[in-house]
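Participant: If it helps, the file is called run_22.cif and holds mmCIF, C-alpha atoms and all ligand atoms:
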```
data_coords
#
loop_
_atom_site.label_atom_id
_atom_site.label_comp_id
_atom_site.auth_asym_id
_atom_site.auth_seq_id
_atom_site.Cartn_x
_atom_site.Cartn_y
_atom_site.Cartn_z
CA MET A 1 144.96 160.15 110.64
CA ILE A 2 144.14 156.95 108.81
CA ARG A 3 146.40 155.97 105.98
CA LEU A 4 144.78 153.85 103.30
CA ARG A 5 147.03 151.11 102.08
CA GLY A 6 147.77 150.62 98.45
CA GLN A 7 148.83 147.13 97.69
CA SER A 8 149.18 144.87 94.76
CA LYS A 9 146.84 142.12 95.78
CA SER A 10 143.17 142.41 96.27
CA ASP A 11 142.25 141.87 99.92
CA ILE A 12 138.89 140.43 99.05
CA GLN A 13 140.50 137.35 97.56
CA ARG A 14 142.12 136.50 100.86
CA ARG A 15 138.87 135.82 102.64
CA ALA A 16 135.72 134.20 101.39
CA SER A 17 133.41 136.25 103.53
CA TRP A 18 133.65 139.37 105.58
CA LEU A 19 132.28 140.24 108.96
CA ILE A 20 132.10 143.57 110.64
CA GLU A 21 131.54 144.34 114.31
CA ASP A 22 129.55 147.18 115.86
CA ASP A 23 132.61 149.22 116.74
CA GLN A 24 134.39 148.72 113.44
CA LEU A 25 134.66 150.82 110.34
CA HIS A 26 136.01 149.24 107.17
CA LEU A 27 137.47 151.46 104.50
CA TRP A 28 137.99 150.02 101.05
CA ARG A 29 140.21 151.76 98.57
CA ILE A 30 139.16 151.11 94.97
CA GLY A 31 141.33 151.88 91.93
CA LEU A 32 138.96 153.08 89.22
CA ASP A 33 141.09 152.94 86.10
CA GLU A 34 140.92 149.47 84.63
CA PRO A 35 141.51 148.15 81.13
CA ALA A 36 138.51 147.94 78.81
CA ASP A 37 138.08 144.17 79.06
CA VAL A 38 137.90 144.37 82.85
CA VAL A 39 135.39 147.20 82.64
CA ASP A 40 133.27 145.18 80.20
CA GLY A 41 133.21 142.27 82.61
CA LEU A 42 132.26 144.49 85.53
CA TYR A 43 129.51 146.17 83.55
CA LYS A 44 127.56 142.91 83.67
CA LEU A 45 127.26 143.21 87.45
CA LEU A 46 125.29 146.45 87.19
CA ASN A 47 121.53 146.61 87.24
CA GLU A 48 119.46 148.27 84.55
CA GLU A 49 119.35 151.66 86.22
CA GLU A 50 123.13 151.69 86.68
CA GLN A 51 123.66 150.62 83.07
CA GLU A 52 121.44 153.49 81.97
CA ARG A 53 123.59 155.84 83.98
CA VAL A 54 126.68 154.46 82.27
CA ALA A 55 125.06 155.14 78.89
CA GLY A 56 124.32 158.74 79.90
CA PHE A 57 127.87 159.88 80.66
CA LEU A 58 129.31 162.24 78.10
CA VAL A 59 132.91 161.28 78.79
CA ASP A 60 133.89 157.61 78.35
CA GLN A 61 136.40 157.69 81.16
CA GLN A 62 133.71 158.78 83.59
CA ALA A 63 131.45 155.99 82.38
CA SER A 64 134.09 153.35 82.98
CA ARG A 65 135.09 154.76 86.36
CA PHE A 66 131.47 154.71 87.47
CA THR A 67 131.17 151.13 86.21
CA VAL A 68 134.27 149.99 88.10
CA CYS A 69 133.18 151.79 91.26
CA ARG A 70 129.60 150.49 91.37
CA ALA A 71 130.52 146.95 90.34
CA THR A 72 133.30 146.79 92.92
CA VAL A 73 131.01 148.15 95.62
CA ARG A 74 128.57 145.39 94.70
CA GLN A 75 131.29 142.76 94.90
CA ILE A 76 132.61 143.95 98.23
CA LEU A 77 129.17 144.30 99.81
CA SER A 78 128.19 140.89 98.47
CA SER A 79 131.02 139.26 100.35
CA TYR A 80 129.69 140.75 103.60
CA LEU A 81 126.13 139.79 102.78
CA GLY A 82 126.86 136.38 101.35
CA CYS A 83 124.98 136.84 98.11
CA ASP A 84 125.65 137.45 94.42
CA PRO A 85 126.83 140.96 93.56
CA GLN A 86 124.07 141.33 90.96
CA LYS A 87 121.38 140.50 93.49
CA ILE A 88 122.03 143.44 95.79
CA GLU A 89 119.31 146.06 95.63
CA PHE A 90 119.75 149.64 96.68
CA GLU A 91 117.28 152.33 97.52
CA LYS A 92 117.84 156.05 97.80
CA GLY A 93 117.20 158.38 100.69
CA GLU A 94 115.40 161.69 100.26
CA PHE A 95 118.49 163.42 98.91
CA GLY A 96 119.94 160.50 97.05
CA LYS A 97 122.01 158.63 99.62
CA PRO A 98 122.12 154.98 98.56
CA HIS A 99 121.22 152.37 101.19
CA LEU A 100 120.72 148.63 101.06
CA ARG A 101 117.12 147.64 100.45
CA ALA A 102 115.53 146.40 103.64
CA LYS A 103 115.49 142.76 102.61
CA TRP A 104 119.27 142.85 102.24
CA ARG A 105 119.88 144.00 105.75
CA LYS A 106 120.62 140.51 106.98
CA GLN A 107 123.44 142.23 108.73
CA PRO A 108 122.46 145.83 109.47
CA LEU A 109 125.18 146.99 107.11
CA LYS A 110 125.64 150.69 106.32
CA PHE A 111 127.87 152.07 103.65
CA ASN A 112 128.81 155.19 101.76
CA ILE A 113 130.77 155.78 98.57
CA THR A 114 133.00 158.58 97.36
CA HIS A 115 135.13 159.02 94.28
CA SER A 116 137.54 161.58 92.94
CA ALA A 117 139.58 161.16 89.78
CA ASP A 118 140.88 157.56 89.67
CA LEU A 119 140.16 156.70 93.29
CA GLY A 120 137.01 155.39 94.90
CA VAL A 121 136.51 154.72 98.61
CA LEU A 122 133.80 152.59 100.15
CA ALA A 123 133.15 152.95 103.90
CA ILE A 124 131.25 150.17 105.69
CA THR A 125 129.85 150.13 109.22
CA LYS A 126 127.29 148.12 111.10
CA ASN A 127 124.24 149.90 112.51
CA CYS A 128 125.60 153.47 112.48
CA GLU A 129 125.20 155.75 109.48
CA VAL A 130 128.47 156.56 107.74
CA GLY A 131 129.68 159.23 105.31
CA VAL A 132 132.95 159.45 103.43
CA ASP A 133 134.55 161.97 101.11
CA VAL A 134 137.87 162.08 99.29
CA GLU A 135 139.16 164.74 96.96
CA ARG A 136 142.17 164.77 94.74
CA ILE A 137 144.38 167.71 95.69
CA ARG A 138 144.21 170.20 92.85
CA THR A 139 144.23 173.87 92.08
CA ILE A 140 140.83 175.15 93.12
CA ARG A 141 139.41 177.59 90.63
CA GLY A 142 138.42 180.83 92.34
CA LEU A 143 139.76 179.57 95.66
CA PRO A 144 139.16 182.77 97.68
CA ARG A 145 135.52 182.77 96.64
CA MET A 146 135.10 179.08 97.41
CA VAL A 147 136.70 179.64 100.80
CA GLU A 148 134.33 182.49 101.49
CA ARG A 149 131.32 180.49 100.37
CA CYS A 150 131.97 177.24 102.14
CA LEU A 151 133.99 178.02 105.25
CA VAL A 152 133.31 180.00 108.41
CA ARG A 153 135.57 182.83 109.52
CA THR A 154 138.00 180.80 111.64
CA GLU A 155 138.34 178.18 108.91
CA GLN A 156 138.83 180.85 106.27
CA ASP A 157 141.68 182.31 108.31
CA ASP A 158 143.30 178.92 108.72
CA VAL A 159 143.26 178.36 104.96
CA MET A 160 144.30 181.84 103.90
CA ASN A 161 147.11 181.96 106.49
CA SER A 162 148.60 178.72 105.28
CA ASP A 163 151.42 178.58 102.76
CA VAL A 164 150.14 179.69 99.38
CA ASN A 165 151.08 176.34 97.83
CA HIS A 166 149.04 174.44 100.39
CA ARG A 167 145.87 176.47 100.39
CA GLY A 168 144.02 174.18 98.00
CA ARG A 169 144.87 171.23 100.18
CA GLU A 170 143.90 172.98 103.41
CA PHE A 171 140.61 174.04 101.87
CA LEU A 172 139.91 170.45 100.79
CA ARG A 173 140.64 169.14 104.28
CA PHE A 174 137.80 171.28 105.67
CA TRP A 175 135.67 170.49 102.66
CA THR A 176 136.02 166.71 102.99
CA HIS A 177 135.28 166.86 106.73
CA LYS A 178 132.11 168.83 106.07
CA GLU A 179 131.02 166.69 103.21
CA ALA A 180 131.69 163.43 105.06
CA TYR A 181 129.60 164.80 107.92
CA LEU A 182 126.75 165.90 105.66
CA LYS A 183 126.85 162.62 103.77
CA THR A 184 126.52 160.73 107.06
CA TYR A 185 123.09 162.23 107.52
CA GLY A 186 122.31 161.85 103.83
CA VAL A 187 121.81 165.51 103.04
CA GLY A 188 124.86 166.03 100.82
CA ILE A 189 125.44 169.64 99.84
CA ARG A 190 121.76 170.38 100.16
CA GLN A 191 122.85 172.01 103.40
CA PRO A 192 125.08 175.02 103.00
CA MET A 193 128.67 174.17 103.85
CA ASP A 194 129.14 177.33 105.88
CA LYS A 195 126.56 176.12 108.41
CA VAL A 196 128.98 173.51 109.71
CA THR A 197 132.09 174.49 111.66
CA ILE A 198 134.99 172.07 111.86
CA ASP A 199 137.95 171.99 114.20
CA LEU A 200 140.63 169.94 112.46
CA ALA A 201 142.75 169.75 115.59
CA ALA A 202 140.02 168.35 117.85
CA PRO A 203 139.65 164.66 118.69
CA PRO A 204 137.38 162.70 116.28
CA SER A 205 134.23 162.96 118.40
CA GLN A 206 134.55 166.74 118.75
CA ARG A 207 135.47 167.87 115.28
CA VAL A 208 132.06 169.28 114.46
CA VAL A 209 131.98 172.34 116.67
CA ASN A 210 128.81 173.86 115.34
CA HIS A 211 126.13 172.70 112.95
CA SER A 212 123.80 175.70 113.25
CA ASP A 213 120.95 173.34 114.12
CA VAL A 214 120.66 172.17 110.55
CA PHE A 215 120.00 168.75 112.00
CA PRO A 216 117.54 169.09 114.87
CA ASP A 217 117.96 165.59 116.26
CA GLU A 218 121.03 163.51 115.76
CA THR A 219 123.98 165.68 115.06
CA LYS A 220 126.99 164.09 116.63
CA ALA A 221 129.65 162.48 114.56
CA TYR A 222 132.94 160.71 115.01
CA ILE A 223 135.14 162.07 112.21
CA SER A 224 138.59 160.88 111.22
CA GLU A 225 140.84 162.27 108.59
CA VAL A 226 141.88 159.69 106.03
CA TRP A 227 144.88 159.81 103.80
CA PRO A 228 144.05 157.81 100.69
CA GLY A 229 147.31 158.58 98.90
CA ASP A 230 149.83 161.28 98.10
CA ASP A 231 147.52 163.38 95.98
CA TYR A 232 144.35 163.02 98.00
CA VAL A 233 142.76 164.21 101.21
CA GLY A 234 139.69 162.76 102.83
CA ALA A 235 137.55 162.20 105.88
CA VAL A 236 135.17 159.59 107.17
CA SER A 237 132.35 160.24 109.61
CA VAL A 238 130.11 157.95 111.67
CA ALA A 239 126.94 159.04 113.45
CA GLY A 240 127.34 159.22 117.23
CA THR A 241 130.41 159.74 119.36
CA THR A 242 131.48 156.16 119.90
CA GLU A 243 135.05 155.44 119.03
CA PHE A 244 135.53 153.30 115.96
CA ALA A 245 138.32 150.93 115.11
CA ILE A 246 139.15 151.73 111.52
CA GLU A 247 140.52 148.99 109.30
CA THR A 248 141.61 149.62 105.76
CA PHE A 249 141.62 147.31 102.76
CA SER A 250 142.17 147.69 99.11
CA TRP A 251 140.61 146.34 96.00
CA VAL A 252 142.86 146.08 93.03
CA GLY A 253 142.30 144.72 89.58
CA GLY A 254 138.51 145.02 89.47
CA ARG A 255 138.39 141.25 89.69
CA GLU A 256 135.18 139.48 90.25
CA HIS A 257 135.04 137.65 93.54
CA ALA A 258 135.16 133.95 92.79
CA MET B 1 127.90 189.21 70.79
CA THR B 2 127.25 189.01 74.48
CA ASP B 3 130.10 187.93 76.65
CA VAL B 4 129.39 184.43 77.82
CA GLN B 5 132.80 183.26 78.96
CA PRO B 6 132.67 181.74 82.44
CA SER B 7 136.21 182.91 83.08
CA ASN B 8 135.31 186.49 82.36
CA SER B 9 133.06 187.00 85.31
CA ASP B 10 134.02 190.55 86.19
CA SER B 11 131.14 192.63 87.31
CA ALA B 12 131.78 195.29 84.62
CA GLU B 13 128.84 194.32 82.42
CA SER B 14 126.71 192.83 85.13
CA SER B 15 124.15 195.63 84.99
CA SER B 16 122.42 194.39 81.84
CA PRO B 17 120.05 191.51 82.57
CA LYS B 18 121.01 188.25 80.91
CA SER B 19 118.62 186.19 78.85
CA ALA B 20 118.04 182.49 79.41
CA GLU B 21 120.05 181.82 76.21
CA ASP B 22 123.03 183.86 77.46
CA ILE B 23 122.99 181.97 80.73
CA GLN B 24 122.60 178.66 78.95
CA GLN B 25 125.65 179.41 76.83
CA TRP B 26 127.63 180.43 79.91
CA ILE B 27 126.83 177.15 81.65
CA VAL B 28 127.59 175.14 78.50
CA ASN B 29 130.99 176.84 78.37
CA PHE B 30 131.60 176.20 82.05
CA VAL B 31 130.69 172.52 81.80
CA SER B 32 132.68 171.97 78.61
CA GLU B 33 135.77 173.53 80.20
CA GLU B 34 135.28 171.57 83.40
CA ILE B 35 135.20 168.18 81.68
CA SER B 36 137.32 169.12 78.64
CA VAL B 37 134.82 168.49 75.87
CA SER B 38 133.67 170.72 73.04
CA PRO B 39 130.70 172.98 73.85
CA ASP B 40 128.79 171.41 70.94
CA SER B 41 128.67 168.07 72.67
CA VAL B 42 127.03 169.45 75.82
CA ASP B 43 123.33 168.63 75.69
CA ILE B 44 121.34 171.31 77.50
CA SER B 45 118.45 168.95 78.18
CA ALA B 46 120.61 166.24 79.79
CA PRO B 47 120.82 165.97 83.58
CA PHE B 48 123.94 167.52 85.14
CA GLU B 49 124.71 164.03 86.41
CA ASN B 50 125.73 163.03 82.86
CA PHE B 51 128.61 165.50 82.99
CA SER B 52 129.97 164.18 86.29
CA ILE B 53 130.10 167.67 87.70
CA ASP B 54 131.10 167.00 91.30
CA SER B 55 129.76 169.00 94.21
CA ALA B 56 132.83 171.24 94.47
CA ALA B 57 132.49 172.19 90.80
CA ALA B 58 128.75 172.71 91.24
CA ILE B 59 129.36 175.16 94.09
CA GLY B 60 132.12 176.84 92.10
CA MET B 61 129.78 177.24 89.16
CA THR B 62 127.01 178.79 91.27
CA GLY B 63 129.54 181.18 92.79
CA ASP B 64 130.84 182.31 89.40
CA LEU B 65 127.29 182.67 88.12
CA GLU B 66 126.34 184.79 91.12
CA GLN B 67 129.12 187.16 90.30
CA TRP B 68 128.41 187.30 86.60
CA LEU B 69 124.66 187.80 87.09
CA ASP B 70 125.15 189.94 90.16
CA LYS B 71 122.47 188.17 92.18
CA ARG B 72 122.28 185.64 94.99
CA ILE B 73 121.66 182.10 93.87
CA ASP B 74 120.41 179.44 96.23
CA PRO B 75 123.25 176.90 96.15
CA THR B 76 120.76 174.04 96.14
CA ALA B 77 118.74 175.38 93.18
CA VAL B 78 120.78 173.28 90.79
CA TYR B 79 119.17 170.18 92.31
CA ASP B 80 115.69 171.49 91.67
CA TYR B 81 116.53 172.45 88.08
CA PRO B 82 118.73 169.54 87.10
CA THR B 83 119.39 170.40 83.43
CA ILE B 84 121.24 173.36 81.89
CA GLU B 85 118.05 174.41 80.12
CA GLU B 86 115.90 174.44 83.25
CA PHE B 87 118.56 175.99 85.45
CA ALA B 88 119.20 178.81 82.95
CA GLU B 89 115.49 179.52 82.62
CA TYR B 90 115.09 179.62 86.39
CA LEU B 91 118.05 182.00 86.72
CA ALA B 92 116.82 184.31 83.98
CA ALA B 93 113.37 184.55 85.56
CA GLN B 94 114.71 185.05 89.06
CA LYS B 95 114.67 188.57 90.51
C1 LIG C 1 126.68 163.14 96.41
C2 LIG C 1 127.00 164.39 97.18
C3 LIG C 1 126.66 164.14 98.62
C4 LIG C 1 128.49 164.70 97.10
O1 LIG C 1 128.96 164.71 95.85
P1 LIG C 1 130.48 164.66 95.40
O2 LIG C 1 131.44 165.21 96.37
O3 LIG C 1 130.46 165.28 94.08
O4 LIG C 1 130.72 163.14 95.23
P2 LIG C 1 131.32 161.99 96.12
O5 LIG C 1 132.19 161.23 95.22
O6 LIG C 1 131.90 162.37 97.42
O7 LIG C 1 130.03 161.13 96.47
C5 LIG C 1 129.23 160.61 95.50
C6 LIG C 1 128.52 159.38 96.06
O8 LIG C 1 127.85 159.67 97.28
C7 LIG C 1 126.65 158.90 97.35
N1 LIG C 1 125.57 159.85 97.60
C8 LIG C 1 124.71 160.44 96.72
N2 LIG C 1 123.87 161.25 97.36
C9 LIG C 1 124.17 161.19 98.67
C10 LIG C 1 123.65 161.83 99.83
N3 LIG C 1 122.61 162.67 99.79
N4 LIG C 1 124.21 161.54 101.03
C11 LIG C 1 125.25 160.68 101.11
N5 LIG C 1 125.79 160.06 100.04
C12 LIG C 1 125.26 160.32 98.83
C13 LIG C 1 126.52 158.14 96.04
O9 LIG C 1 126.93 156.82 96.26
C14 LIG C 1 127.48 158.86 95.12
O10 LIG C 1 128.17 158.10 94.20
P3 LIG C 1 127.54 157.27 93.02
O11 LIG C 1 126.41 158.06 92.50
O12 LIG C 1 128.64 157.06 92.07
O13 LIG C 1 127.11 156.01 93.68
C15 LIG C 1 126.07 165.50 96.72
O14 LIG C 1 126.37 166.70 97.23
C16 LIG C 1 125.82 165.55 95.25
O15 LIG C 1 124.78 165.14 94.83
N6 LIG C 1 126.77 165.99 94.44
C17 LIG C 1 126.72 165.85 93.04
C18 LIG C 1 126.80 167.17 92.41
C19 LIG C 1 125.64 167.35 91.52
O16 LIG C 1 124.61 166.72 91.62
N7 LIG C 1 125.77 168.24 90.65
C20 LIG C 1 124.73 168.58 89.76
C21 LIG C 1 124.61 170.00 89.65
S1 LIG C 1 125.90 170.74 88.72
#
```
Turn the structure described in the file into structure tokens.

Facilitator:
Amino acid sequence: MIRLRGQSKSDIQRRASWLIEDDQLHLWRIGLDEPADVVDGLYKLLNEEEQERVAGFLVDQQASRFTVCRATVRQILSSYLGCDPQKIEFEKGEFGKPHLRAKWRKQPLKFNITHSADLGVLAITKNCEVGVDVERIRTIRGLPRMVERCLVRTEQDDVMNSDVNHRGREFLRFWTHKEAYLKTYGVGIRQPMDKVTIDLAAPPSQRVVNHSDVFPDETKAYISEVWPGDDYVGAVSVAGTTEFAIETFSWVGGREHA
Amino acid sequence: MTDVQPSNSDSAESSSPKSAEDIQQWIVNFVSEEISVSPDSVDISAPFENFSIDSAAAIGMTGDLEQWLDKRIDPTAVYDYPTIEEFAEYLAAQK
């Protein structure tokens, strides 16, 4: 299991530019709650479409978390690409997975974003598609029904046989594995969760035991559990079965990269 | 008044078909509870994205709705009908 570090100093400020190798996976932990003046500064890094999204949120806190997340993702990616954060252009896959626009693939960089409550995580790889999901551990409303809907029999048993106080967490461990896997291939929850079977005890390259042929071609994934902090569970998944060296970094303070 | 509380999803009254307005109100209540805002501030013509309903909550909502309406709902339908208004209309029309 990969533990994400929390530290007081932003890693990005320690290096001017970042490189990533084929067999590496970089995980960036992003704190999303920042003071208003920081959020205002970060807002300027967003493009028009992102600023429109900010304007649409009903709850201010969600607007500022989205702002911090997107702007930080831009800053981090820009230090790999060697360009201004504002200049990065994204495009969306069929079901909404953001990718770098072709002209930005100077390095064939892949990434995926997840956020839950005040935590964002950015996963970066080179060449291979990546998917990441974190969830804050919480009481799941209607847990038995969610379990029934999203998990297969064996998984359901694992969750319902666990200590009653840990059921939410156990459910979310399966959930984040499935979602990280589905996000790798860009389908999100367009594919029913109960079509994917996960073995949490298996080695990373064998955790997806069955995918019910929802993906006819490439279906293999290397999935690791990540531990982003006390109150969170998560998983990260890379297409293929190659082993990845996972390095973790953190971004604190929403500071613009000088 | 019709019962439109998301929390009260017992199948007791599930035999009477629900109108698009009933379903709309149910979803408004669900969303407002989920993100702790007053139901009045939930715009039924705004995309779900504006409410930051995450995928777990979206699946939870569809599950609760299935029980309340006593019919199967395609879990991906919410993506094809991305506002409360459209989703409620789709659900009301669905057999
Ligand atoms: C995005 C999704 C894959 C997972 O959603 P989630 O668990 O709620 O959210 P996460 O924080 O893990 O991931 C969200 C991020 O994944 C990325 N993403 C979006 N669509 C994606 C896809 N098809 N595949 C991979 N990644 C995707 C985006 O970067 C997004 O964050 P951003 O919009 O702030 O940039 C997908 O199932 C989804 O669209 N959920 C949103 C729920 C929704 O639309 N509800 C409306 C109906 S109520």

Participant: Report as lines of an AutoDock Vina configuration file the centre and the edge lengths, in Å to one decimal, of the axis-aligned box holding every listed atom of ligand LIG 1 (chain C), padded by 4 Å on each side.

Facilitator:
```
center_x = 127.4
center_y = 163.4
center_z = 94.9
size_x = 17.6
size_y = 22.7
size_z = 20.4
```

Participant: Would you list the residues that come within 8 Å of ligand LIG 1 (chain C)? Count only C-alpha atoms and all ligand atoms and give the answer as a PyMOL selection string.

Facilitator: (chain A and resi 66+69-70+92-98+112-116+120+131-135+179-180+182-190) or (chain B and resi 47-49+52-59+61+78-79+82)

Participant: Please indicate the distance in Å from atom CA of Trp251 of chain A to atom CA of Thr139 of chain A, rounded to one decimal place.

Facilitator: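 Separation of atom CA of Trp251 of chain A and atom CA of Thr139 of chain A: 28.0 Å.
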
Participant: When the cut-off is 7 Å and we count all atoms listed in the file, which residues of chain B are near chain A, given as number ranges by chain?

Facilitator: B: 50-51, 60, 76

Participant: Go ahead and write the selection's residues with C-alpha atoms as a PDB file, keeping the file's coordinate frame.

Facilitator:
```pdb
ATOM      1  CA  ASN B  50     125.730 163.030  82.860  1.00  0.00           C
ATOM      2  CA  PHE B  51     128.610 165.500  82.990  1.00  0.00           C
ATOM      3  CA  GLY B  60     132.120 176.840  92.100  1.00  0.00           C
ATOM      4  CA  THR B  76     120.760 174.040  96.140  1.00  0.00           C
TER       5      THR B  76
END
```

Participant: Please provide the set of residues having any atom within 6 Å of segment 248-250 of chain A, restricted to all atoms listed in the file, with same-chain residues fewer than 6 positions apart removed, written as a list of chain:residue names.

Facilitator: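 My reading of the contact set: A:Leu4, A:Asp11, A:His26, A:Leu27, A:Trp28, A:Arg29.
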
Participant: Using Å and a single decimal, report how far atom CA of Ser41 of chain B sits from atom CA of Asn29 of chain B.

Facilitator: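 Answer for the atom CA of Asn29 of chain B to atom CA of Ser41 of chain B separation: 10.7 Å.
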
Participant: Give as a PyMOL selection string the set of residues within 10 Å of the point (130.2, 144.4, 84.7), where distances use the file's coordinates and all atoms listed in the file.

Facilitator: chain A and resi 37-47+51+64+67-68+70-72+86+254+256

Participant: From the set A:Ile88, A:Ala235, A:Ala117, A:Leu25, which residue has the shortest atom-to-atom contact distance to Arg65 of chain A, counting all atoms listed in the file?

Facilitator: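 Looking only at the distances to Arg65 of chain A, the closest residue turns out to be A:Ala117.
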
Participant: Please compute the atom CA of Ile124 of chain A-atom CA of Gln75 of chain A distance, one decimal, in Å.

Facilitator: 13.1 Å

Participant: Would you list the contacts of Val42 of chain B as a list in words, taking every protein, DNA or RNA residue within 7 Å and counting all atoms listed in the file, but skipping same-chain residues closer than 2 positions in sequence?

Facilitator: Val28, Ser32, Pro39, Asp40 and Ile44 of chain B

Participant: Any idea what's packed within 7 Å of segment 84-89 of chain B, counting all atoms listed in the file, ignoring anything in its chain fewer than 3 positions away? Could you give it as a PyMOL selection string?

Facilitator: chain B and resi 20+23-24+27+44-45+78+81+92-93

Participant: Print the selection's residues with C-alpha atoms to a file, as a PDB file, in the coordinates of the input.

Facilitator:
```
ATOM      1  CA  ALA B  20     118.040 182.490  79.410  1.00  0.00           C
ATOM      2  CA  ILE B  23     122.990 181.970  80.730  1.00  0.00           C
ATOM      3  CA  GLN B  24     122.600 178.660  78.950  1.00  0.00           C
ATOM      4  CA  ILE B  27     126.830 177.150  81.650  1.00  0.00           C
ATOM      5  CA  ILE B  44     121.340 171.310  77.500  1.00  0.00           C
ATOM      6  CA  SER B  45     118.450 168.950  78.180  1.00  0.00           C
ATOM      7  CA  VAL B  78     120.780 173.280  90.790  1.00  0.00           C
ATOM      8  CA  TYR B  81     116.530 172.450  88.080  1.00  0.00           C
ATOM      9  CA  ALA B  92     116.820 184.310  83.980  1.00  0.00           C
ATOM     10  CA  ALA B  93     113.370 184.550  85.560  1.00  0.00           C
TER      11      ALA B  93
END
```

Participant: Do you know which residues lie at most 7 Å from (130.5, 138.5, 105.8), with coordinates as in the file and all atoms listed in the file counted, and could you write them as a ChimeraX atom specification?

Facilitator: /A:17-19,79-82
